[in-house]
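Here is the file upload-v1.cif (mmCIF, C-alpha atoms; chains and numbers go by the auth columns).
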data_work
loop_
_atom_site.group_PDB
_atom_site.id
_atom_site.type_symbol
_atom_site.label_atom_id
_atom_site.label_comp_id
_atom_site.label_asym_id
_atom_site.label_seq_id
_atom_site.Cartn_x
_atom_site.Cartn_y
_atom_site.Cartn_z
_atom_site.B_iso_or_equiv
_atom_site.auth_seq_id
_atom_site.auth_asym_id
ATOM 1 C CA MET A 1 -48.430 -124.630 64.544 0.00 20 A
ATOM 2 C CA LEU A 2 -51.716 -124.427 66.390 0.00 21 A
ATOM 3 C CA ALA A 3 -51.628 -124.468 70.189 0.00 22 A
ATOM 4 C CA THR A 4 -53.618 -127.714 70.202 0.00 23 A
ATOM 5 C CA HIS A 5 -51.400 -129.552 67.690 0.00 24 A
ATOM 6 C CA ALA A 6 -49.891 -132.816 68.967 0.00 25 A
ATOM 7 C CA ASP A 7 -46.360 -131.780 67.964 0.00 26 A
ATOM 8 C CA ARG A 8 -46.417 -128.886 70.462 0.00 27 A
ATOM 9 C CA LYS A 9 -45.151 -131.128 73.288 0.00 28 A
ATOM 10 C CA GLN A 10 -42.007 -131.983 71.301 0.00 29 A
ATOM 11 C CA LEU A 11 -41.559 -128.302 70.429 0.00 30 A
ATOM 12 C CA PHE A 12 -41.746 -127.354 74.126 0.00 31 A
ATOM 13 C CA GLN A 13 -39.277 -130.081 75.089 0.00 32 A
ATOM 14 C CA GLU A 14 -36.792 -128.936 72.433 0.00 33 A
ATOM 15 C CA ALA A 15 -37.160 -125.327 73.602 0.00 34 A
ATOM 16 C CA GLY A 16 -36.505 -126.449 77.186 0.00 35 A
ATOM 17 C CA HIS A 17 -33.323 -128.261 76.124 0.00 36 A
ATOM 18 C CA ILE A 18 -32.106 -125.137 74.317 0.00 37 A
ATOM 19 C CA ILE A 19 -32.776 -122.977 77.382 0.00 38 A
ATOM 20 C CA VAL A 20 -30.852 -125.372 79.618 0.00 39 A
ATOM 21 C CA ASP A 21 -27.968 -125.451 77.126 0.00 40 A
ATOM 22 C CA ILE A 22 -27.845 -121.642 77.023 0.00 41 A
ATOM 23 C CA ALA A 23 -27.911 -121.424 80.828 0.00 42 A
ATOM 24 C CA ARG A 24 -25.073 -123.950 81.074 0.00 43 A
ATOM 25 C CA ARG A 25 -23.012 -122.065 78.507 0.00 44 A
ATOM 26 C CA TYR A 26 -23.386 -118.875 80.514 0.00 45 A
ATOM 27 C CA TYR A 27 -23.071 -120.195 84.065 0.00 46 A
ATOM 28 C CA GLU A 28 -20.644 -123.082 83.559 0.00 47 A
ATOM 29 C CA GLN A 29 -18.517 -121.805 80.669 0.00 48 A
ATOM 30 C CA ASP A 30 -18.718 -118.024 81.244 0.00 49 A
ATOM 31 C CA ASP A 31 -19.996 -117.613 77.674 0.00 50 A
ATOM 32 C CA ASP A 32 -21.760 -114.249 77.722 0.00 51 A
ATOM 33 C CA ARG A 33 -22.328 -114.393 73.948 0.00 52 A
ATOM 34 C CA VAL A 34 -25.641 -116.147 74.678 0.00 53 A
ATOM 35 C CA LEU A 35 -27.094 -113.211 76.626 0.00 54 A
ATOM 36 C CA PRO A 36 -29.953 -111.336 74.932 0.00 55 A
ATOM 37 C CA ARG A 37 -28.027 -108.047 74.864 0.00 56 A
ATOM 38 C CA LYS A 38 -25.199 -109.727 72.964 0.00 57 A
ATOM 39 C CA ILE A 39 -27.467 -110.947 70.158 0.00 58 A
ATOM 40 C CA ALA A 40 -29.851 -107.956 70.043 0.00 59 A
ATOM 41 C CA SER A 41 -28.187 -106.165 67.138 0.00 60 A
ATOM 42 C CA PHE A 42 -29.683 -103.691 64.701 0.00 61 A
ATOM 43 C CA GLN A 43 -29.687 -106.453 62.074 0.00 62 A
ATOM 44 C CA ALA A 44 -31.524 -108.810 64.455 0.00 63 A
ATOM 45 C CA PHE A 45 -34.287 -106.232 64.916 0.00 64 A
ATOM 46 C CA GLU A 46 -34.463 -105.666 61.158 0.00 65 A
ATOM 47 C CA ASN A 47 -34.759 -109.424 60.589 0.00 66 A
ATOM 48 C CA ALA A 48 -37.499 -109.798 63.197 0.00 67 A
ATOM 49 C CA MET A 49 -39.504 -106.896 61.778 0.00 68 A
ATOM 50 C CA SER A 50 -39.027 -108.111 58.196 0.00 69 A
ATOM 51 C CA LEU A 51 -40.417 -111.515 59.116 0.00 70 A
ATOM 52 C CA ASP A 52 -43.405 -109.924 60.832 0.00 71 A
ATOM 53 C CA ILE A 53 -44.111 -107.706 57.821 0.00 72 A
ATOM 54 C CA ALA A 54 -43.923 -110.732 55.499 0.00 73 A
ATOM 55 C CA MET A 55 -46.486 -112.485 57.725 0.00 74 A
ATOM 56 C CA GLY A 56 -48.965 -109.630 57.537 0.00 75 A
ATOM 57 C CA GLY A 57 -47.654 -107.276 60.205 0.00 76 A
ATOM 58 C CA SER A 58 -48.662 -106.652 63.788 0.00 77 A
ATOM 59 C CA THR A 59 -48.898 -103.494 65.832 0.00 78 A
ATOM 60 C CA ASN A 60 -47.995 -105.627 68.836 0.00 79 A
ATOM 61 C CA THR A 61 -44.680 -106.550 67.180 0.00 80 A
ATOM 62 C CA VAL A 62 -43.949 -102.887 66.495 0.00 81 A
ATOM 63 C CA LEU A 63 -44.615 -101.976 70.116 0.00 82 A
ATOM 64 C CA HIS A 64 -42.503 -104.776 71.575 0.00 83 A
ATOM 65 C CA LEU A 65 -39.598 -104.569 69.121 0.00 84 A
ATOM 66 C CA LEU A 66 -39.259 -100.832 69.675 0.00 85 A
ATOM 67 C CA ALA A 67 -39.331 -101.349 73.462 0.00 86 A
ATOM 68 C CA ALA A 68 -36.786 -104.203 73.291 0.00 87 A
ATOM 69 C CA ALA A 69 -34.483 -102.181 71.032 0.00 88 A
ATOM 70 C CA HIS A 70 -34.686 -99.215 73.381 0.00 89 A
ATOM 71 C CA GLU A 71 -33.910 -101.430 76.384 0.00 90 A
ATOM 72 C CA ALA A 72 -30.956 -102.992 74.524 0.00 91 A
ATOM 73 C CA GLY A 73 -29.612 -99.591 73.487 0.00 92 A
ATOM 74 C CA VAL A 74 -30.131 -100.329 69.780 0.00 93 A
ATOM 75 C CA ALA A 75 -31.165 -97.370 67.609 0.00 94 A
ATOM 76 C CA PHE A 76 -34.051 -99.163 65.866 0.00 95 A
ATOM 77 C CA THR A 77 -36.922 -96.730 65.246 0.00 96 A
ATOM 78 C CA MET A 78 -40.244 -96.236 63.480 0.00 97 A
ATOM 79 C CA ASP A 79 -38.267 -94.835 60.535 0.00 98 A
ATOM 80 C CA ASP A 80 -36.570 -98.224 60.181 0.00 99 A
ATOM 81 C CA ILE A 81 -39.921 -100.015 60.345 0.00 100 A
ATOM 82 C CA ASP A 82 -41.327 -97.644 57.718 0.00 101 A
ATOM 83 C CA ARG A 83 -38.331 -98.273 55.452 0.00 102 A
ATOM 84 C CA LEU A 84 -38.717 -102.044 55.824 0.00 103 A
ATOM 85 C CA SER A 85 -42.472 -101.905 55.218 0.00 104 A
ATOM 86 C CA ARG A 86 -41.834 -100.264 51.857 0.00 105 A
ATOM 87 C CA ARG A 87 -39.304 -102.937 50.839 0.00 106 A
ATOM 88 C CA VAL A 88 -40.511 -106.241 52.325 0.00 107 A
ATOM 89 C CA PRO A 89 -43.496 -107.886 50.619 0.00 108 A
ATOM 90 C CA CYS A 90 -46.477 -109.181 52.531 0.00 109 A
ATOM 91 C CA LEU A 91 -46.505 -112.915 51.703 0.00 110 A
ATOM 92 C CA CYS A 92 -49.408 -114.042 53.861 0.00 111 A
ATOM 93 C CA LYS A 93 -51.716 -112.941 56.625 0.00 112 A
ATOM 94 C CA VAL A 94 -51.285 -114.785 59.873 0.00 113 A
ATOM 95 C CA ALA A 95 -54.156 -113.930 62.188 0.00 114 A
ATOM 96 C CA PRO A 96 -55.984 -115.578 65.051 0.00 115 A
ATOM 97 C CA PRO A 97 -58.111 -118.417 63.681 0.00 116 A
ATOM 98 C CA ARG A 98 -61.748 -117.742 63.006 0.00 117 A
ATOM 99 C CA PRO A 99 -64.496 -120.206 62.100 0.00 118 A
ATOM 100 C CA THR A 100 -64.556 -118.733 58.574 0.00 119 A
ATOM 101 C CA CYS A 101 -60.826 -119.293 57.965 0.00 120 A
ATOM 102 C CA ILE A 102 -59.363 -122.404 56.407 0.00 121 A
ATOM 103 C CA TRP A 103 -55.839 -123.160 57.636 0.00 122 A
ATOM 104 C CA LYS A 104 -53.308 -125.274 55.799 0.00 123 A
ATOM 105 C CA MET A 105 -50.597 -126.352 58.183 0.00 124 A
ATOM 106 C CA SER A 106 -47.119 -127.018 56.892 0.00 125 A
ATOM 107 C CA THR A 107 -44.265 -128.320 58.991 0.00 126 A
ATOM 108 C CA GLY A 108 -41.815 -128.652 56.105 0.00 127 A
ATOM 109 C CA PRO A 109 -39.131 -126.180 55.019 0.00 128 A
ATOM 110 C CA VAL A 110 -40.027 -123.056 53.104 0.00 129 A
ATOM 111 C CA GLU A 111 -38.000 -123.418 49.922 0.00 130 A
ATOM 112 C CA SER A 112 -38.476 -119.822 48.809 0.00 131 A
ATOM 113 C CA TRP A 113 -37.318 -118.377 52.148 0.00 132 A
ATOM 114 C CA PRO A 114 -33.942 -117.059 50.904 0.00 133 A
ATOM 115 C CA SER A 115 -35.530 -115.243 47.987 0.00 134 A
ATOM 116 C CA TRP A 116 -38.390 -113.414 49.704 0.00 135 A
ATOM 117 C CA ALA A 117 -36.113 -111.008 51.549 0.00 136 A
ATOM 118 C CA SER A 118 -34.514 -109.872 48.309 0.00 137 A
ATOM 119 C CA TRP A 119 -37.786 -108.774 46.716 0.00 138 A
ATOM 120 C CA THR A 120 -38.276 -105.031 46.652 0.00 139 A
ATOM 121 C CA GLY A 121 -40.939 -102.608 45.593 0.00 140 A
ATOM 122 C CA LEU A 122 -43.875 -104.845 46.431 0.00 141 A
ATOM 123 C CA VAL A 123 -46.736 -103.624 48.564 0.00 142 A
ATOM 124 C CA CYS A 124 -49.192 -105.718 50.601 0.00 143 A
#

In structure tokens, how does this file's structure come out?
Amino acid sequence: MLATHADRKQLFQEAGHIIVDIARRYYEQDDDRVLPRKIASFQAFENAMSLDIAMGGSTNTVLHLLAAAHEAGVAFTMDDIDRLSRRVPCLCKVAPPRPTCIWKMSTGPVESWPSWASWTGLVC
């Protein structure tokens, strides 16, 4: 969704409600399962990197995921990113908009989502 899209306000409001709910769960119910270090698993980093690869890849994602994994004490490395890049197909290229690009915005569900992660042997 583009930063100027009208639906952004609703997206921000929903995100705010989620943040408040998470804070309440932690502070009022002593639920530490909502803390970032509790959800930052090896599989979570693999999922995040796989999604980024499918969307065309980003060196910025590599830098930040490796730093976050290190900070969380998760052994997610460049070798894991290399392994994923050889298995996960590049489905599209998401890049900053340019005057020469034509963007088709979709807010509906991606019906093929479950199947893309199972594809192997494809190269961008």

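This file, filtered with the PyMOL selection byres ((chain A and resi 71) around 10), gives the residues Glu65, Asn66, Ala67, Met68, Ser69, Leu70, Ile72, Ala73, Met74, Gly75, Gly76, Ser77, Thr78, Thr80, Val81, Ser104, Val107, Cys109, Lys112 and Val113 of chain A.
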
Around all the atoms of region 89-105 of chain A listed in the file, draw an axis-aligned box and extend it by 6 Å on each of the six sides; I want its centre and edge lengths in Å to one decimal, as AutoDock Vina command-line options.
--center_x -36.0 --center_y -98.9 --center_z 64.1 --size_x 24.9 --size_y 20.2 --size_z 36.5

CA of Arg105 (chain A) sits from CA of Gln62 (chain A) at a separation of 17.0 Å

Correct to one decimal, the distance CA of Val93 (chain A)-CA of Arg56 (chain A) is 9.5 Å

Reference answer for the PyMOL selection byres ((chain A and resi 48-55) around 12), as a PyMOL selection string: chain A and resi 37-47+56-60+63+87-88+90-92

Would you output that residue set with C-alpha atoms, as a short mmCIF file (atom, residue, chain, number, x, y, z; two decimals), in the coordinates of the input?
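New file result_36.cif:
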data_model
loop_
_atom_site.label_atom_id
_atom_site.label_comp_id
_atom_site.auth_asym_id
_atom_site.auth_seq_id
_atom_site.Cartn_x
_atom_site.Cartn_y
_atom_site.Cartn_z
CA ILE A 37 -32.11 -125.14 74.32
CA ILE A 38 -32.78 -122.98 77.38
CA VAL A 39 -30.85 -125.37 79.62
CA ASP A 40 -27.97 -125.45 77.13
CA ILE A 41 -27.84 -121.64 77.02
CA ALA A 42 -27.91 -121.42 80.83
CA ARG A 43 -25.07 -123.95 81.07
CA ARG A 44 -23.01 -122.06 78.51
CA TYR A 45 -23.39 -118.88 80.51
CA TYR A 46 -23.07 -120.20 84.06
CA GLU A 47 -20.64 -123.08 83.56
CA ARG A 56 -28.03 -108.05 74.86
CA LYS A 57 -25.20 -109.73 72.96
CA ILE A 58 -27.47 -110.95 70.16
CA ALA A 59 -29.85 -107.96 70.04
CA SER A 60 -28.19 -106.16 67.14
CA ALA A 63 -31.52 -108.81 64.46
CA ALA A 87 -36.79 -104.20 73.29
CA ALA A 88 -34.48 -102.18 71.03
CA GLU A 90 -33.91 -101.43 76.38
CA ALA A 91 -30.96 -102.99 74.52
CA GLY A 92 -29.61 -99.59 73.49
#

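Across the structure, CA of Ala86 (chain A) and CA of Arg102 (chain A) are spaced 18.3 Å apart.
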
Which neighbours of Thr96 (chain A) fall inside 7 Å, counting only C-alpha atoms, when residues of the same chain fewer than 3 positions from it are skipped, and could you give them as a ChimeraX atom specification? /A:85,99-100
